[in-house]
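Heads up, target15.cif below (mmCIF, C-alpha atoms):
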```cif
data_entry
#
loop_
_atom_site.label_atom_id
_atom_site.label_comp_id
_atom_site.auth_asym_id
_atom_site.auth_seq_id
_atom_site.Cartn_x
_atom_site.Cartn_y
_atom_site.Cartn_z
CA MET A 307 -26.60 0.77 -18.55
CA ILE A 308 -23.87 -0.29 -16.16
CA TYR A 309 -20.95 1.07 -18.23
CA LEU A 310 -22.38 4.57 -18.22
CA THR A 311 -22.96 4.40 -14.47
CA LEU A 312 -19.40 3.16 -13.97
CA ALA A 313 -18.04 5.93 -16.19
CA ILE A 314 -19.91 8.65 -14.31
CA GLU A 315 -19.02 7.29 -10.85
CA PHE A 316 -15.32 6.87 -11.62
CA PHE A 317 -15.03 10.20 -13.42
CA LYS A 318 -16.40 11.75 -10.23
CA ILE A 319 -13.90 9.81 -8.12
CA GLY A 320 -11.06 10.96 -10.39
CA LEU A 321 -12.21 14.54 -10.03
CA PHE A 322 -12.47 14.55 -6.23
CA SER A 323 -9.80 12.16 -4.99
CA ILE A 324 -6.99 14.51 -4.17
CA GLY A 325 -3.62 13.52 -2.75
CA GLY A 326 -2.89 10.15 -4.29
CA GLY A 327 -4.30 6.67 -4.74
CA MET A 328 -5.58 6.01 -1.22
CA ALA A 329 -7.77 9.11 -1.47
CA THR A 330 -10.05 7.01 -3.71
CA LEU A 331 -10.80 4.63 -0.82
CA PRO A 332 -13.63 6.60 0.86
CA PHE A 333 -15.32 6.89 -2.55
CA LEU A 334 -14.98 3.17 -3.21
CA MET A 335 -16.44 2.53 0.25
CA ASP A 336 -19.29 4.91 -0.58
CA LEU A 337 -20.08 2.87 -3.73
CA THR A 338 -20.76 -0.23 -1.61
CA THR A 339 -23.76 1.52 -0.08
CA ARG A 340 -25.26 2.52 -3.42
CA TYR A 341 -24.53 -0.38 -5.78
CA ASP A 342 -24.14 -4.14 -5.43
CA TRP A 343 -20.87 -4.26 -7.40
CA TYR A 344 -18.90 -5.50 -4.39
CA THR A 345 -19.30 -5.57 -0.60
CA ALA A 346 -17.20 -3.69 1.94
CA SER A 347 -15.55 -6.98 2.88
CA VAL A 348 -14.57 -7.64 -0.74
CA LEU A 349 -13.19 -4.09 -0.81
CA ALA A 350 -10.73 -5.09 1.92
CA ASN A 351 -9.43 -7.89 -0.35
CA MET A 352 -9.25 -5.43 -3.25
CA VAL A 353 -7.08 -3.08 -1.20
CA ALA A 354 -4.73 -5.93 -0.25
CA ILE A 355 -4.38 -7.16 -3.83
CA SER A 356 -3.96 -3.64 -5.22
CA GLU A 357 -1.16 -3.00 -2.71
CA SER A 358 0.66 -6.20 -3.58
CA THR A 359 0.51 -6.12 -7.37
CA PRO A 360 2.48 -3.77 -9.64
CA GLY A 361 0.94 -0.49 -10.71
CA PRO A 362 -0.36 2.59 -8.90
CA VAL A 363 -2.67 1.56 -6.03
CA GLY A 364 -5.44 3.96 -7.05
CA ILE A 365 -5.51 2.59 -10.60
CA ASN A 366 -5.40 -1.01 -9.38
CA MET A 367 -8.33 -0.45 -7.04
CA ALA A 368 -10.40 1.25 -9.74
CA THR A 369 -9.64 -1.56 -12.19
CA TYR A 370 -10.63 -4.14 -9.58
CA ALA A 371 -13.85 -2.33 -8.70
CA GLY A 372 -14.76 -2.05 -12.39
CA TYR A 373 -13.95 -5.73 -12.92
CA ASN A 374 -16.19 -6.76 -10.03
CA ALA A 375 -18.99 -4.60 -11.38
CA ALA A 376 -18.89 -5.64 -15.04
CA GLY A 377 -15.93 -7.85 -15.94
CA VAL A 378 -13.00 -6.81 -18.14
CA PRO A 379 -14.95 -4.11 -20.05
CA GLY A 380 -16.03 -2.70 -16.69
CA ALA A 381 -12.40 -2.65 -15.55
CA ILE A 382 -11.37 -0.68 -18.63
CA VAL A 383 -14.27 1.78 -18.38
CA ALA A 384 -13.67 2.43 -14.66
CA THR A 385 -9.92 2.95 -15.09
CA LEU A 386 -10.16 5.25 -18.10
CA SER A 387 -12.95 7.28 -16.47
CA LEU A 388 -10.87 7.66 -13.32
CA THR A 389 -7.93 9.08 -15.30
CA ALA A 390 -9.95 11.39 -17.55
CA PRO A 391 -10.32 14.35 -15.14
CA ALA A 392 -6.61 14.27 -14.29
CA LEU A 393 -5.73 14.25 -17.99
CA ILE A 394 -7.80 17.35 -18.63
CA ILE A 395 -6.69 19.21 -15.50
CA ILE A 396 -2.97 18.48 -15.90
CA VAL A 397 -2.98 19.59 -19.53
CA ILE A 398 -4.61 22.87 -18.47
CA ILE A 399 -2.07 23.34 -15.69
CA ALA A 400 0.87 22.47 -17.93
CA ARG A 401 -0.35 24.95 -20.47
CA PHE A 402 -1.54 27.96 -18.51
CA LEU A 403 -0.36 27.94 -14.96
CA GLU A 404 3.17 28.67 -13.90
CA ASN A 405 4.06 27.69 -10.35
CA PHE A 406 0.63 26.24 -9.73
CA SER A 407 1.58 24.71 -6.39
CA GLU A 408 3.00 28.05 -5.15
CA ASN A 409 -0.23 29.94 -5.80
CA PRO A 410 -1.64 31.30 -2.45
CA THR A 411 -5.24 30.33 -3.24
CA VAL A 412 -4.21 26.82 -4.24
CA LYS A 413 -2.24 26.59 -1.00
CA ALA A 414 -5.24 27.79 1.02
CA VAL A 415 -7.53 25.23 -0.60
CA PHE A 416 -5.13 22.41 0.25
CA TYR A 417 -4.56 23.70 3.74
CA GLY A 418 -8.25 22.87 4.26
CA ILE A 419 -8.39 19.70 2.19
CA ARG A 420 -5.35 17.84 3.54
CA PRO A 421 -6.64 17.12 7.08
CA THR A 422 -10.08 16.35 5.66
CA VAL A 423 -8.74 13.76 3.22
CA ALA A 424 -6.94 12.10 6.13
CA ALA A 425 -10.25 12.04 8.03
CA LEU A 426 -12.14 10.57 5.06
CA ILE A 427 -9.60 7.79 4.65
CA GLY A 428 -9.87 7.34 8.41
CA TYR A 429 -13.61 6.78 8.01
CA ALA A 430 -13.04 4.18 5.28
CA VAL A 431 -10.50 2.38 7.49
CA TRP A 432 -12.99 2.45 10.37
CA GLU A 433 -15.50 0.64 8.15
CA LEU A 434 -12.82 -1.91 7.12
CA LEU A 435 -11.87 -2.40 10.78
CA LYS A 436 -15.46 -3.22 11.68
CA ILE A 437 -15.48 -5.95 9.03
CA ALA A 438 -12.08 -7.34 10.01
CA LEU A 439 -12.54 -7.30 13.78
CA ILE A 440 -16.18 -8.13 14.37
CA SER A 441 -17.14 -11.75 14.10
CA THR A 442 -20.73 -12.75 13.40
CA ALA A 443 -20.11 -16.49 13.58
CA GLY A 444 -22.87 -18.51 15.30
CA GLY A 445 -25.40 -15.70 14.95
CA THR A 446 -23.86 -13.56 17.72
CA THR A 447 -21.98 -10.35 17.06
CA ARG A 448 -18.80 -10.01 19.07
CA ILE A 449 -15.31 -8.60 18.80
CA ASP A 450 -12.81 -11.13 17.53
CA TYR A 451 -9.97 -10.70 20.03
CA THR A 452 -7.39 -12.65 18.01
CA SER A 453 -7.91 -10.27 15.08
CA LEU A 454 -7.84 -7.24 17.36
CA LEU A 455 -4.52 -8.33 18.91
CA ILE A 456 -2.97 -9.05 15.52
CA CYS A 457 -4.13 -5.67 14.20
CA LEU A 458 -2.75 -3.79 17.22
CA GLY A 459 0.48 -5.82 17.03
CA ALA A 460 0.95 -5.04 13.35
CA PHE A 461 0.20 -1.36 13.95
CA GLY A 462 2.74 -1.32 16.78
CA LEU A 463 5.40 -2.97 14.62
CA LEU A 464 4.70 -0.43 11.88
CA GLN A 465 5.88 2.32 14.26
CA VAL A 466 9.34 0.71 14.50
CA LYS A 467 11.69 2.67 12.27
CA GLN A 468 13.51 -0.29 10.76
CA LEU A 469 10.26 -2.10 9.95
CA LYS A 470 8.49 0.95 8.53
CA LYS A 471 10.39 0.71 5.27
CA LEU A 472 9.39 -2.89 4.60
CA HIS A 473 7.29 -3.21 1.47
CA PRO A 474 3.51 -3.56 2.08
CA LEU A 475 3.79 -6.87 0.24
CA VAL A 476 5.83 -8.27 3.17
CA TRP A 477 3.13 -7.27 5.66
CA ILE A 478 0.38 -8.67 3.48
CA ALA A 479 2.23 -11.98 3.04
CA ALA A 480 2.70 -12.15 6.82
CA GLY A 481 -1.05 -11.50 7.23
CA ALA A 482 -1.83 -14.42 4.91
CA VAL A 483 0.43 -16.77 6.88
CA ILE A 484 -1.06 -15.63 10.21
CA GLY A 485 -4.57 -16.08 8.82
CA ILE A 486 -3.84 -19.67 7.77
CA VAL A 487 -1.97 -20.55 10.99
CA PHE A 488 -4.71 -19.19 13.29
CA ARG A 489 -7.55 -20.41 10.99
CA MET A 490 -9.08 -16.95 11.05
CA MET B 346 2.01 13.59 -35.33
CA ASN B 347 5.15 11.71 -34.46
CA ILE B 348 3.97 8.09 -34.22
CA ARG B 349 7.34 6.85 -32.97
CA LYS B 350 7.34 9.31 -30.10
CA LEU B 351 3.83 8.22 -29.11
CA GLY B 352 4.97 4.59 -29.15
CA GLU B 353 7.98 5.45 -26.99
CA LEU B 354 5.79 7.30 -24.51
CA TYR B 355 3.43 4.33 -24.25
CA VAL B 356 6.24 1.80 -23.80
CA SER B 357 8.16 3.89 -21.24
CA PHE B 358 5.12 4.50 -19.08
CA PHE B 359 3.98 0.90 -19.48
CA LYS B 360 7.32 -0.11 -17.95
CA ILE B 361 6.94 2.41 -15.12
CA GLY B 362 3.39 1.25 -14.37
CA GLY B 363 4.30 -2.43 -14.53
CA LEU B 364 7.44 -2.27 -12.44
CA THR B 365 6.37 -0.10 -9.51
CA PHE B 366 4.49 -1.34 -6.51
CA GLY B 367 2.37 1.09 -4.55
CA GLY B 368 2.41 4.13 -6.82
CA GLY B 369 2.98 7.66 -5.61
CA LEU B 370 6.43 8.15 -4.14
CA ALA B 371 7.39 4.52 -4.78
CA MET B 372 7.39 5.43 -8.46
CA LEU B 373 10.02 8.14 -8.17
CA PRO B 374 13.17 6.02 -8.71
CA MET B 375 11.69 4.35 -11.80
CA LEU B 376 10.58 7.70 -13.20
CA GLN B 377 14.01 9.21 -12.70
CA ARG B 378 15.72 6.34 -14.43
CA GLU B 379 13.36 6.00 -17.37
CA ILE B 380 12.31 9.59 -18.00
CA VAL B 381 15.25 11.68 -16.77
CA THR B 382 18.34 9.47 -17.24
CA ASP B 383 17.43 7.24 -20.20
CA ARG B 384 14.98 9.25 -22.31
CA LYS B 385 15.95 12.77 -21.14
CA TRP B 386 12.33 13.88 -21.52
CA CYS B 387 12.47 16.15 -18.53
CA THR B 388 14.72 17.24 -15.69
CA GLU B 389 14.84 16.02 -12.11
CA GLU B 390 13.37 19.37 -11.00
CA GLU B 391 10.39 19.01 -13.31
CA ILE B 392 9.63 15.56 -11.85
CA LEU B 393 9.73 16.95 -8.30
CA ASP B 394 7.53 19.91 -9.31
CA MET B 395 5.14 17.41 -10.81
CA TYR B 396 4.98 15.57 -7.50
CA ALA B 397 4.15 18.82 -5.73
CA ILE B 398 1.40 19.51 -8.26
CA GLY B 399 0.25 15.89 -8.03
CA GLN B 400 -0.26 16.33 -4.29
CA CYS B 401 -2.66 19.17 -4.85
CA THR B 402 -4.56 18.25 -8.00
CA PRO B 403 -7.23 15.63 -8.34
CA GLY B 404 -6.24 12.21 -9.57
CA ILE B 405 -3.60 9.57 -9.09
CA ILE B 406 -0.08 11.03 -8.92
CA ALA B 407 1.30 8.44 -11.34
CA VAL B 408 -1.30 9.41 -13.93
CA ASN B 409 -0.75 13.12 -13.40
CA THR B 410 2.98 12.72 -13.97
CA ALA B 411 2.46 10.58 -17.07
CA THR B 412 0.03 13.11 -18.51
CA TYR B 413 2.40 15.99 -17.85
CA VAL B 414 5.46 14.33 -19.41
CA GLY B 415 3.43 13.06 -22.38
CA TYR B 416 1.89 16.48 -22.95
CA LYS B 417 5.28 18.22 -22.84
CA GLN B 418 6.70 15.72 -25.33
CA ALA B 419 3.88 15.36 -27.84
CA GLY B 420 0.91 17.54 -26.91
CA PHE B 421 -2.50 16.33 -25.78
CA VAL B 422 -2.28 13.04 -27.72
CA GLY B 423 1.10 12.43 -26.09
CA GLY B 424 -0.56 12.91 -22.70
CA ILE B 425 -3.18 10.32 -23.63
CA PHE B 426 -0.58 7.75 -24.79
CA ALA B 427 1.58 8.15 -21.68
CA THR B 428 -1.49 7.82 -19.45
CA LEU B 429 -2.70 4.71 -21.30
CA GLY B 430 0.79 3.29 -20.90
CA VAL B 431 0.88 3.77 -17.15
CA VAL B 432 -2.57 2.21 -16.58
CA SER B 433 -2.30 -0.72 -19.02
CA PRO B 434 -0.28 -3.05 -16.75
CA SER B 435 -2.81 -2.51 -13.93
CA ILE B 436 -5.72 -3.43 -16.17
CA ILE B 437 -4.00 -6.61 -17.36
CA ILE B 438 -2.63 -7.73 -14.00
CA ILE B 439 -5.69 -6.95 -11.88
CA CYS B 440 -8.10 -8.61 -14.33
CA LEU B 441 -5.89 -11.73 -14.30
CA VAL B 442 -5.59 -11.84 -10.52
CA ALA B 443 -9.30 -11.15 -10.04
CA SER B 444 -10.35 -13.91 -12.43
CA ILE B 445 -7.91 -16.42 -10.86
CA LEU B 446 -8.98 -15.49 -7.34
CA LYS B 447 -12.62 -16.06 -8.27
CA SER B 448 -12.02 -19.79 -8.70
CA PHE B 449 -10.11 -20.14 -5.41
CA ILE B 450 -12.14 -17.82 -3.20
CA ASN B 451 -13.99 -20.66 -1.44
CA MET B 452 -10.95 -22.79 -0.60
CA PRO B 453 -10.49 -22.84 3.23
CA ALA B 454 -6.81 -21.85 3.03
CA VAL B 455 -7.67 -18.86 0.83
CA VAL B 456 -10.51 -17.83 3.16
CA HIS B 457 -8.16 -17.93 6.18
CA ALA B 458 -5.37 -16.14 4.32
CA LEU B 459 -7.72 -13.37 3.18
CA ALA B 460 -9.05 -12.94 6.73
CA GLY B 461 -5.48 -12.53 7.99
CA ILE B 462 -4.65 -10.14 5.16
CA ARG B 463 -7.69 -8.00 5.92
CA VAL B 464 -6.54 -7.46 9.49
CA VAL B 465 -3.01 -6.52 8.42
CA VAL B 466 -4.31 -4.20 5.70
CA CYS B 467 -6.33 -2.40 8.38
CA ALA B 468 -3.14 -1.85 10.37
CA LEU B 469 -1.32 -0.60 7.26
CA MET B 470 -4.15 1.77 6.39
CA LEU B 471 -4.44 3.01 9.95
CA ASN B 472 -0.75 3.83 9.75
CA THR B 473 -1.34 5.76 6.50
CA VAL B 474 -4.11 7.77 8.15
CA PHE B 475 -1.84 8.65 11.09
CA THR B 476 0.98 9.74 8.77
CA MET B 477 -1.38 11.82 6.63
CA ALA B 478 -3.03 13.38 9.68
CA LYS B 479 0.36 14.29 11.18
CA LYS B 480 1.38 16.00 7.93
CA GLY B 481 -2.00 17.58 7.19
CA ILE B 482 -2.99 18.89 10.62
CA VAL B 483 -0.73 21.90 11.12
CA ASP B 484 -2.89 23.92 13.54
CA LYS B 485 -6.15 23.93 15.54
CA LEU B 486 -8.35 24.44 12.49
CA GLY B 487 -6.72 21.41 10.90
CA GLY B 488 -7.72 19.38 13.93
CA VAL B 489 -11.29 20.68 13.72
CA LEU B 490 -11.44 19.85 9.99
CA PHE B 491 -10.13 16.35 10.67
CA ALA B 492 -12.70 15.72 13.41
CA GLY B 493 -15.49 17.36 11.42
CA GLY B 494 -14.68 15.40 8.26
CA PHE B 495 -14.66 12.12 10.17
CA ILE B 496 -17.98 12.84 11.90
CA LEU B 497 -19.66 13.97 8.66
CA ALA B 498 -18.45 10.87 6.82
CA CYS B 499 -19.42 8.47 9.62
CA PHE B 500 -22.76 9.78 10.79
CA THR B 501 -24.31 11.82 7.98
CA PRO B 502 -25.20 11.03 4.37
CA VAL B 503 -23.25 14.10 3.11
CA PRO B 504 -21.45 12.91 -0.07
CA THR B 505 -17.66 12.52 0.15
CA ALA B 506 -17.07 14.95 -2.73
CA MET B 507 -19.15 17.59 -0.94
CA ILE B 508 -17.04 17.23 2.22
CA ILE B 509 -13.85 17.81 0.21
CA VAL B 510 -15.26 20.90 -1.55
CA LEU B 511 -16.44 22.25 1.82
CA ALA B 512 -12.97 21.74 3.31
CA GLY B 513 -11.36 23.64 0.41
CA VAL B 514 -13.79 26.54 0.87
CA ILE B 515 -13.09 26.62 4.62
CA GLY B 516 -9.34 26.64 3.90
CA VAL B 517 -9.66 29.64 1.59
CA CYS B 518 -11.94 31.53 4.01
CA ALA B 519 -9.57 30.88 6.91
CA LYS B 520 -6.59 32.24 4.96
CA LYS B 521 -8.55 35.23 3.63
CA PHE B 522 -10.38 36.34 6.74
CA GLY B 523 -8.48 34.66 9.53
CA GLY B 524 -5.22 36.45 8.75
CA ARG B 525 -3.32 33.19 8.88
CA LYS B 526 0.17 33.08 7.45
CA ASP B 527 0.90 30.88 4.46
CA ALA B 528 1.35 27.31 5.59
#
```

So that I can check it, write out the structure of this file as structure tokens.
Amino acid sequence: MIYLTLAIEFFKIGLFSIGGGMATLPFLMDLTTRYDWYTASVLANMVAISESTPGPVGINMATYAGYNAAGVPGAIVATLSLTAPALIIIVIIARFLENFSENPTVKAVFYGIRPTVAALIGYAVWELLKIALISTAGGTTRIDYTSLLICLGAFGLLQVKQLKKLHPLVWIAAGAVIGIVFRM
Amino acid sequence: MNIRKLGELYVSFFKIGGLTFGGGLAMLPMLQREIVTDRKWCTEEEILDMYAIGQCTPGIIAVNTATYVGYKQAGFVGGIFATLGVVSPSIIIICLVASILKSFINMPAVVHALAGIRVVVCALMLNTVFTMAKKGIVDKLGGVLFAGGFILACFTPVPTAMIIVLAGVIGVCAKKFGGRKDA
């Protein structure tokens, strides 16, 4: 029963993705190895579309993943399951815990988790990079140097203060134009 | 149960979900306007506290904030209505985009555009990782956790959730037994 599987998987993601929407990415990457709902390369498109449409990125990505797995009902099941743990936890916090984020144990837990979440997202990006930069055209596997240069160029530009604030949508639109111009 | 209040919660958070791109911090201005200035459901300070809590609780920050405001206004059911409001636009928009994209996915121009987008998204995400690492790695142990997390995720089948739990346990142990000051 695909809906039950979706519900369990996304409840788990909701429970363990800490620190905002992008924290769901390593989990979504993990799903590609266990189910045939979408491939890692489709996941890259999902990230781009989720970044450039309204709504929280984490919710958009979950909706998209659910849609790819089982259509509109799948999208609804995945999204609601993702939000369920947060709903329960926040109600408990709102009710019982004063100054939750000042609690020393909570602080200690997040002192450990924060760098690890960065590393896990780093792993997911590494997987996406492999897909974006390695070309398998003509049966040979080689690095696509055009893509590599564009990626490094974009990363470099992102370090420029004035450009940093540009909306992701602008970058994504530029990527689309570059892709069409260079026939990537 | 105050039906009108539940309706208002749904509509307000529907607006917030539908009009913000990116989520997280990008949502702050909309939240302030709708929830603090217009509806007066909570104060500026409460919103900022909620962001702090959102950083260190599971889940999407937008959803956490919606749940919190909804709960404060109309109890558990209020939390559910606010949360449904904030996720509804995503469900509608993403399902539309996904179904439209399906019919164009094989057009050469779309294939090229998506290939270009993928590369740029990688650069954007790489940038996110660097920013998060800079903020998250405050000392040597942070560096070790970052390296360890990356290696575990890349080269071992240890589940992602397990790595996060492990990191939390290590954080607590380090503070308890390592005599580290509060970060």

Polymer residues at most 12 Å from region 453-470 of chain A, all atoms listed in the file, same-chain spacing of 6 or more positions, as a PyMOL selection string: (chain A and resi 434-441+476-478+480-482+484-485+488-490) or (chain B and resi 457+460-476)

Selection under test: the PyMOL selection byres ((chain A and resi 347-364) around 6); residues as a PDB file with C-alpha atoms, in the coordinates of the input:
```
ATOM      1  CA  GLY A 327      -4.300   6.670  -4.740  1.00  0.00           C
ATOM      2  CA  THR A 345     -19.300  -5.570  -0.600  1.00  0.00           C
ATOM      3  CA  ALA A 346     -17.200  -3.690   1.940  1.00  0.00           C
ATOM      4  CA  ILE A 365      -5.510   2.590 -10.600  1.00  0.00           C
ATOM      5  CA  ASN A 366      -5.400  -1.010  -9.380  1.00  0.00           C
ATOM      6  CA  MET A 367      -8.330  -0.450  -7.040  1.00  0.00           C
ATOM      7  CA  LEU A 475       3.790  -6.870   0.240  1.00  0.00           C
TER       8      LEU A 475
ATOM      9  CA  GLY B 362       3.390   1.250 -14.370  1.00  0.00           C
ATOM     10  CA  GLY B 363       4.300  -2.430 -14.530  1.00  0.00           C
ATOM     11  CA  LEU B 364       7.440  -2.270 -12.440  1.00  0.00           C
ATOM     12  CA  THR B 365       6.370  -0.100  -9.510  1.00  0.00           C
ATOM     13  CA  PHE B 366       4.490  -1.340  -6.510  1.00  0.00           C
ATOM     14  CA  GLY B 367       2.370   1.090  -4.550  1.00  0.00           C
ATOM     15  CA  GLY B 368       2.410   4.130  -6.820  1.00  0.00           C
ATOM     16  CA  SER B 435      -2.810  -2.510 -13.930  1.00  0.00           C
ATOM     17  CA  ARG B 463      -7.690  -8.000   5.920  1.00  0.00           C
TER      18      ARG B 463
END
```

Explicit residue set for the PyMOL selection byres ((chain B and resi 403) around 6), as an MDAnalysis selection string: (chainID A and resid 321:324) or (chainID B and resid 402 404)

Residue among A:Pro379, A:Pro410, A:Gly418, A:Pro391 lying closest to chain B, counting all atoms listed in the file: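 Smallest distance to chain B is found for A:Gly418.
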
Expected selection from the PyMOL selection byres ((chain B and resi 509) around 12), given as a ChimeraX atom specification: /A:319,321-325,329,332-333,415-427 /B:403,490-491,493-495,497-498,503-508,510-516

Restricted to N, CA and C atoms, what does region 325-338 of chain A look like when written out as a PDB file, in the first residue's frame?
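What ended up in decode35.pdb:
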```pdb
ATOM      1  N   GLY A 325      16.099  21.994  11.434  1.00  0.00           N
ATOM      2  CA  GLY A 325      16.820  23.173  10.962  1.00  0.00           C
ATOM      3  C   GLY A 325      16.317  23.699   9.636  1.00  0.00           C
ATOM      4  N   GLY A 326      15.074  23.416   9.297  1.00  0.00           N
ATOM      5  CA  GLY A 326      14.493  24.030   8.113  1.00  0.00           C
ATOM      6  C   GLY A 326      14.355  23.104   6.924  1.00  0.00           C
ATOM      7  N   GLY A 327      13.767  23.647   5.862  1.00  0.00           N
ATOM      8  CA  GLY A 327      13.342  22.856   4.709  1.00  0.00           C
ATOM      9  C   GLY A 327      14.429  22.044   4.042  1.00  0.00           C
ATOM     10  N   MET A 328      15.626  22.645   3.864  1.00  0.00           N
ATOM     11  CA  MET A 328      16.684  21.939   3.151  1.00  0.00           C
ATOM     12  C   MET A 328      17.169  20.704   3.896  1.00  0.00           C
ATOM     13  N   ALA A 329      16.903  20.668   5.223  1.00  0.00           N
ATOM     14  CA  ALA A 329      17.307  19.501   6.011  1.00  0.00           C
ATOM     15  C   ALA A 329      16.573  18.245   5.547  1.00  0.00           C
ATOM     16  N   THR A 330      15.486  18.399   4.768  1.00  0.00           N
ATOM     17  CA  THR A 330      14.787  17.212   4.263  1.00  0.00           C
ATOM     18  C   THR A 330      15.531  16.585   3.075  1.00  0.00           C
ATOM     19  N   LEU A 331      16.437  17.362   2.468  1.00  0.00           N
ATOM     20  CA  LEU A 331      17.084  16.895   1.227  1.00  0.00           C
ATOM     21  C   LEU A 331      17.824  15.558   1.359  1.00  0.00           C
ATOM     22  N   PRO A 332      18.687  15.380   2.398  1.00  0.00           N
ATOM     23  CA  PRO A 332      19.362  14.071   2.492  1.00  0.00           C
ATOM     24  C   PRO A 332      18.368  12.911   2.597  1.00  0.00           C
ATOM     25  N   PHE A 333      17.234  13.143   3.259  1.00  0.00           N
ATOM     26  CA  PHE A 333      16.229  12.080   3.387  1.00  0.00           C
ATOM     27  C   PHE A 333      15.580  11.782   2.037  1.00  0.00           C
ATOM     28  N   LEU A 334      15.303  12.853   1.277  1.00  0.00           N
ATOM     29  CA  LEU A 334      14.693  12.654  -0.044  1.00  0.00           C
ATOM     30  C   LEU A 334      15.663  11.924  -0.966  1.00  0.00           C
ATOM     31  N   MET A 335      16.976  12.230  -0.801  1.00  0.00           N
ATOM     32  CA  MET A 335      18.001  11.540  -1.581  1.00  0.00           C
ATOM     33  C   MET A 335      18.024  10.064  -1.203  1.00  0.00           C
ATOM     34  N   ASP A 336      17.930   9.804   0.098  1.00  0.00           N
ATOM     35  CA  ASP A 336      17.926   8.458   0.641  1.00  0.00           C
ATOM     36  C   ASP A 336      16.768   7.629   0.048  1.00  0.00           C
ATOM     37  N   LEU A 337      15.614   8.272  -0.157  1.00  0.00           N
ATOM     38  CA  LEU A 337      14.451   7.563  -0.701  1.00  0.00           C
ATOM     39  C   LEU A 337      14.717   7.041  -2.115  1.00  0.00           C
ATOM     40  N   THR A 338      15.570   7.748  -2.872  1.00  0.00           N
ATOM     41  CA  THR A 338      15.830   7.306  -4.248  1.00  0.00           C
ATOM     42  C   THR A 338      16.514   5.945  -4.279  1.00  0.00           C
TER      43      THR A 338
END
```
